[in-house]
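**Q** Pasting in a structure now, in structure tokens, and then I'll have a few things to ask.
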Amino acid sequence: MKRRYPHIPYPPDPLCRNEPLPWSHPKQDPADLQLMERLRTIVDHPSYREPDIDADFLQSGPARGVRLQLDYMKAEQGMAQQGIERCVVVFGSTRLREPKVAQQELADIRQRVAQAGAANHDLERMLRLAENRMELSRYYQVGRELGHRVGAASGANPVSPLVVMTGGGPGAMESANRGAYDVGAPTVGLNITLPREQYPNPYITPGLCFQFHYFSMRKLHFMKRAVAIVALPGGFGTLDELFGALTLIQTRKVSPMPVVLVGEAYWRRVFDAEYMLEQGHIDAEDMDLYWYAENADEVWESVLRWHQNNGTPLF
């Protein structure tokens, strides 16, 4: 017997209908002159906005959990899409000068001091500060050379490259991003929104510069892909990131990794770990959670050696 198939209608348009649905036009009532005004009031009210396009709602207190998720997800997705899995994270001061800039600032203040003639305490203080910044500016070059070393070596593993990651700002962060940029290597910057206007440094790879609202999410992303932490001389922000990382390693909330402080003389004056040990606030083994280095070669070779000893070679 010949089988009969039912009539199969032609697929409808995915958006349009021949006959509109009842809600596709507003209610009409010529007797109610205020009807349209009431309707406009309803649809113009913030409550009628879809949540994902309601900026006021997204910035509200109850939506903080959603914002935290978004802060995490956008950077996570962006880095995952570009294969960023292992990073040498570099911290350091935004105030660290490029040598030629520090040299020019020092020359300018020396000229002002000479022109002043008589003693001027403010100018003398500015001169001491400029001299200190000139002395510290050598660490800008250390950061740049380290970024160069990491960037050049990343080609050894194109599937999972080793990438320089910084906070994305000027100074020490710029130096490390710049070194990677110099050799055409990808490099990441994690900016943070602040109450004042700011710009990322221009050496970060487009598409790998992410802006965070929450410091906590930024810290999470620093640690999530870190295989080494390098701290150039810095201030409160650098100390915040450094001590956070050391605490996570000390408590084994993250696996141990190299932590290198660049500039032993600077860091020994900034914090006295030996004193904390003597007071019983840290243990002797905690003194081995970090070490000092003076140049990019020392940083790089010691990081490679640590991972080799740990059974986690980077290449």
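All residue names refer to the structure tokens as shown: chains lettered A, B, ... in order, residues numbered from 1 in each chain, ligands numbered from 1 in order.
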Please provide the set of residues having any atom within 8 Å of A:Trp291, restricted to only C-alpha atoms, with same-chain residues fewer than 3 positions apart removed, written as a VMD selection string.
**A** chain A and resid 259 to 261 288
**Q** Export C-alpha atoms of the chosen residues as an mmCIF file, in the first residue's frame?
**A**
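Done, and the output landed in result_21.cif:
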```
data_model
loop_
_atom_site.group_PDB
_atom_site.id
_atom_site.type_symbol
_atom_site.label_atom_id
_atom_site.label_comp_id
_atom_site.auth_asym_id
_atom_site.auth_seq_id
_atom_site.Cartn_x
_atom_site.Cartn_y
_atom_site.Cartn_z
ATOM 1 C CA VAL A 259 58.772 35.412 44.383
ATOM 2 C CA VAL A 260 61.688 37.681 43.509
ATOM 3 C CA LEU A 261 62.241 41.137 45.030
ATOM 4 C CA ASP A 288 62.460 31.087 51.909
#
```
**Q** Residues within 12 Å of A:Gly151, please, as a PyMOL selection string. Count only C-alpha atoms; anything in the same chain fewer than 3 positions from it doesn't count.
**A** chain A and resi 87-88+144-148+154-158+161-165+176-188+300
**Q** May I have a table of the residues of stretch 75-158 of chain A lying at most 10 Å from stretch 216-236 of chain A, giving each one's closest pair of atoms and their distance in Å to one decimal, counting only C-alpha atoms, ordered by chain and ascending residue number, as a Markdown table?
**A**
```
| residue | atom | partner | partner_atom | distance |
| --- | --- | --- | --- | --- |
| A:Ala75 | CA | A:His221 | CA | 8.0 |
| A:Glu76 | CA | A:His221 | CA | 7.8 |
| A:Met79 | CA | A:His221 | CA | 9.9 |
| A:Ile84 | CA | A:Arg225 | CA | 7.9 |
| A:Glu85 | CA | A:Arg225 | CA | 5.6 |
| A:Arg86 | CA | A:Arg225 | CA | 4.9 |
| A:Cys87 | CA | A:Ala226 | CA | 4.8 |
| A:Val88 | CA | A:Ala228 | CA | 5.0 |
| A:Val89 | CA | A:Ile229 | CA | 5.0 |
| A:Val90 | CA | A:Val230 | CA | 4.8 |
| A:Phe91 | CA | A:Ala231 | CA | 4.7 |
| A:Gly92 | CA | A:Leu232 | CA | 4.6 |
| A:Ser93 | CA | A:Gly234 | CA | 4.0 |
| A:Thr94 | CA | A:Gly234 | CA | 7.7 |
| A:Arg95 | CA | A:Gly234 | CA | 7.9 |
| A:Leu96 | CA | A:Gly234 | CA | 7.8 |
| A:Leu136 | CA | A:Pro233 | CA | 7.9 |
| A:Ser137 | CA | A:Pro233 | CA | 9.8 |
| A:Tyr139 | CA | A:Leu232 | CA | 6.9 |
| A:Tyr140 | CA | A:Leu232 | CA | 8.4 |
| A:Val142 | CA | A:Leu232 | CA | 8.6 |
| A:Gly143 | CA | A:Leu232 | CA | 7.4 |
| A:Leu146 | CA | A:Val230 | CA | 9.6 |
```
**Q** Let's have the selection written as a PDB file, in the first residue's frame, with N, CA and C atoms.
**A**
```
ATOM      1  N   ALA A  75      37.521  39.147  31.700  1.00  0.00           N
ATOM      2  CA  ALA A  75      38.959  38.911  31.561  1.00  0.00           C
ATOM      3  C   ALA A  75      39.263  37.433  31.377  1.00  0.00           C
ATOM      4  N   GLU A  76      38.535  36.584  32.092  1.00  0.00           N
ATOM      5  CA  GLU A  76      38.752  35.143  31.970  1.00  0.00           C
ATOM      6  C   GLU A  76      38.493  34.685  30.540  1.00  0.00           C
ATOM      7  N   MET A  79      41.267  36.148  28.055  1.00  0.00           N
ATOM      8  CA  MET A  79      42.572  35.485  28.108  1.00  0.00           C
ATOM      9  C   MET A  79      42.491  34.036  27.634  1.00  0.00           C
ATOM     10  N   ILE A  84      46.142  32.453  26.926  1.00  0.00           N
ATOM     11  CA  ILE A  84      47.003  32.937  28.006  1.00  0.00           C
ATOM     12  C   ILE A  84      46.798  32.053  29.229  1.00  0.00           C
ATOM     13  N   GLU A  85      47.793  31.236  29.540  1.00  0.00           N
ATOM     14  CA  GLU A  85      47.677  30.285  30.643  1.00  0.00           C
ATOM     15  C   GLU A  85      48.774  30.435  31.692  1.00  0.00           C
ATOM     16  N   ARG A  86      49.957  30.935  31.294  1.00  0.00           N
ATOM     17  CA  ARG A  86      51.085  31.022  32.223  1.00  0.00           C
ATOM     18  C   ARG A  86      51.707  32.415  32.117  1.00  0.00           C
ATOM     19  N   CYS A  87      51.871  33.062  33.267  1.00  0.00           N
ATOM     20  CA  CYS A  87      52.358  34.445  33.260  1.00  0.00           C
ATOM     21  C   CYS A  87      53.440  34.667  34.297  1.00  0.00           C
ATOM     22  N   VAL A  88      54.420  35.481  33.941  1.00  0.00           N
ATOM     23  CA  VAL A  88      55.331  36.071  34.912  1.00  0.00           C
ATOM     24  C   VAL A  88      54.713  37.417  35.284  1.00  0.00           C
ATOM     25  N   VAL A  89      54.275  37.531  36.532  1.00  0.00           N
ATOM     26  CA  VAL A  89      53.557  38.725  36.980  1.00  0.00           C
ATOM     27  C   VAL A  89      54.555  39.696  37.583  1.00  0.00           C
ATOM     28  N   VAL A  90      54.546  40.926  37.090  1.00  0.00           N
ATOM     29  CA  VAL A  90      55.495  41.941  37.540  1.00  0.00           C
ATOM     30  C   VAL A  90      54.735  43.074  38.224  1.00  0.00           C
ATOM     31  N   PHE A  91      55.080  43.321  39.492  1.00  0.00           N
ATOM     32  CA  PHE A  91      54.542  44.438  40.259  1.00  0.00           C
ATOM     33  C   PHE A  91      55.606  45.528  40.349  1.00  0.00           C
ATOM     34  N   GLY A  92      55.191  46.728  40.707  1.00  0.00           N
ATOM     35  CA  GLY A  92      56.146  47.815  40.905  1.00  0.00           C
ATOM     36  C   GLY A  92      55.456  49.164  40.821  1.00  0.00           C
ATOM     37  N   SER A  93      56.165  50.187  41.213  1.00  0.00           N
ATOM     38  CA  SER A  93      55.585  51.520  41.361  1.00  0.00           C
ATOM     39  C   SER A  93      55.247  52.178  40.027  1.00  0.00           C
ATOM     40  N   THR A  94      54.117  52.878  40.024  1.00  0.00           N
ATOM     41  CA  THR A  94      53.769  53.722  38.873  1.00  0.00           C
ATOM     42  C   THR A  94      54.714  54.917  38.781  1.00  0.00           C
ATOM     43  N   ARG A  95      55.396  55.233  39.881  1.00  0.00           N
ATOM     44  CA  ARG A  95      56.274  56.408  39.942  1.00  0.00           C
ATOM     45  C   ARG A  95      57.710  56.113  39.514  1.00  0.00           C
ATOM     46  N   LEU A  96      58.008  54.875  39.185  1.00  0.00           N
ATOM     47  CA  LEU A  96      59.358  54.533  38.721  1.00  0.00           C
ATOM     48  C   LEU A  96      59.604  55.202  37.375  1.00  0.00           C
ATOM     49  N   LEU A 136      66.859  55.128  41.425  1.00  0.00           N
ATOM     50  CA  LEU A 136      65.948  53.993  41.263  1.00  0.00           C
ATOM     51  C   LEU A 136      65.598  53.720  39.805  1.00  0.00           C
ATOM     52  N   SER A 137      65.840  54.693  38.930  1.00  0.00           N
ATOM     53  CA  SER A 137      65.404  54.542  37.534  1.00  0.00           C
ATOM     54  C   SER A 137      66.091  53.372  36.841  1.00  0.00           C
ATOM     55  N   TYR A 139      66.023  50.495  37.737  1.00  0.00           N
ATOM     56  CA  TYR A 139      65.135  49.346  37.814  1.00  0.00           C
ATOM     57  C   TYR A 139      64.084  49.363  36.705  1.00  0.00           C
ATOM     58  N   TYR A 140      63.854  50.524  36.094  1.00  0.00           N
ATOM     59  CA  TYR A 140      63.005  50.557  34.896  1.00  0.00           C
ATOM     60  C   TYR A 140      63.659  49.707  33.805  1.00  0.00           C
ATOM     61  N   VAL A 142      65.763  47.289  34.310  1.00  0.00           N
ATOM     62  CA  VAL A 142      65.700  45.889  34.731  1.00  0.00           C
ATOM     63  C   VAL A 142      64.354  45.283  34.328  1.00  0.00           C
ATOM     64  N   GLY A 143      63.264  46.027  34.585  1.00  0.00           N
ATOM     65  CA  GLY A 143      61.945  45.536  34.203  1.00  0.00           C
ATOM     66  C   GLY A 143      61.817  45.341  32.707  1.00  0.00           C
ATOM     67  N   LEU A 146      63.793  42.295  31.679  1.00  0.00           N
ATOM     68  CA  LEU A 146      63.099  41.074  32.081  1.00  0.00           C
ATOM     69  C   LEU A 146      61.943  40.777  31.130  1.00  0.00           C
TER      70      LEU A 146
END
```
**Q** Among stretch 105-177 of chain A, which ones does DSSP place in strand (DSSP E), written as a PyMOL selection string?
**A** chain A and resi 162-166
**Q** Calculate how many Å separate atom CA of A:Asp44 from atom CA of A:Pro26, rounding to one decimal.
**A** 14.4 Å
**Q** Give me, as a list in words, all polymer residues having an atom no more than 12 Å from A:Glu105, counting only C-alpha atoms and skipping those fewer than 3 positions away in the same chain.
**A** Arg97, Glu98, Pro99, Lys100, Val101, Ala102, Asp108, Ile109, Arg110, Gln111, Arg112, Met126, Leu127, Arg128, Leu129, Ala130, Glu131, Asn132, Arg133, Met134 and Ser137 of chain A
**Q** Skip stretch 189-203 of chain A itself and residues of its chain fewer than 6 positions away, then list as a list in words all residues within 8 Å of it, counting only C-alpha atoms.
**A**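 Returned residues: Met165, Thr166, Gly167, Gly168, Gly169, Pro170, Glu174, Asn177, Arg178, Tyr181, Cys209, Phe210, Gln211, Phe212, His213, Tyr214, Phe215 and Arg218 of chain A.
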**Q** Please give the complete set of residues from stretch 134-193 of chain A that DSSP, run on the backbone, assigns to alpha helix (DSSP H), formatted as an MDAnalysis selection string.
**A** chainID A and resid 134:136 138:153 172:182
**Q** I need the chosen residues saved as an mmCIF file, in the first residue's frame, with C-alpha atoms.
**A**
```cif
data_model
loop_
_atom_site.group_PDB
_atom_site.id
_atom_site.type_symbol
_atom_site.label_atom_id
_atom_site.label_comp_id
_atom_site.auth_asym_id
_atom_site.auth_seq_id
_atom_site.Cartn_x
_atom_site.Cartn_y
_atom_site.Cartn_z
ATOM 1 C CA MET A 134 67.366 58.944 39.320
ATOM 2 C CA GLU A 135 69.021 56.236 41.423
ATOM 3 C CA LEU A 136 65.948 53.993 41.263
ATOM 4 C CA ARG A 138 67.866 51.751 36.781
ATOM 5 C CA TYR A 139 65.135 49.346 37.814
ATOM 6 C CA TYR A 140 63.005 50.557 34.896
ATOM 7 C CA GLN A 141 65.676 49.083 32.655
ATOM 8 C CA VAL A 142 65.700 45.889 34.731
ATOM 9 C CA GLY A 143 61.945 45.536 34.203
ATOM 10 C CA ARG A 144 62.294 46.169 30.491
ATOM 11 C CA GLU A 145 65.104 43.640 30.130
ATOM 12 C CA LEU A 146 63.099 41.074 32.081
ATOM 13 C CA GLY A 147 60.084 41.609 29.826
ATOM 14 C CA HIS A 148 62.394 41.160 26.860
ATOM 15 C CA ARG A 149 63.746 37.878 28.265
ATOM 16 C CA VAL A 150 60.299 36.467 28.994
ATOM 17 C CA GLY A 151 58.882 37.610 25.665
ATOM 18 C CA ALA A 152 61.776 36.188 23.676
ATOM 19 C CA ALA A 153 61.552 32.867 25.508
ATOM 20 C CA ALA A 172 57.544 49.645 36.631
ATOM 21 C CA MET A 173 54.542 48.007 34.988
ATOM 22 C CA GLU A 174 55.185 49.832 31.731
ATOM 23 C CA SER A 175 58.814 48.703 31.747
ATOM 24 C CA ALA A 176 57.937 44.992 31.786
ATOM 25 C CA ASN A 177 55.169 45.297 29.188
ATOM 26 C CA ARG A 178 57.521 47.355 27.052
ATOM 27 C CA GLY A 179 60.252 44.722 27.125
ATOM 28 C CA ALA A 180 57.838 42.092 25.827
ATOM 29 C CA TYR A 181 56.518 44.558 23.235
ATOM 30 C CA ASP A 182 60.077 45.189 22.036
#
```
**Q** Measure the distance from atom CA of A:Leu68 to atom CA of A:Pro51 in Å and round it to one decimal.
**A**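 According to the coordinates, atom CA of A:Leu68 and atom CA of A:Pro51 are separated by 15.6 Å.
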**Q** Using only C-alpha atoms, pick whichever of A:Pro46, A:Pro258, A:Pro22, A:Gly117 has the shortest atom-to-atom distance to A:Leu289.
**A**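 Closest candidate: A:Pro258.
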**Q** Excluding A:Lys27 and any residue of its chain fewer than 5 positions from it, enumerate the residues within 10 Å of it, using only C-alpha atoms, and give them as a list in words.
**A**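 Near neighbours after the sequence-gap exclusion: Pro22, Leu35, Met36 and Leu39 of chain A.
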**Q** At what distance in Å, to one decimal, does atom CA of A:Trp267 lie from atom CA of A:Ala293?
**A**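 Pair atom CA of A:Ala293 / atom CA of A:Trp267 returns 10.6 Å.
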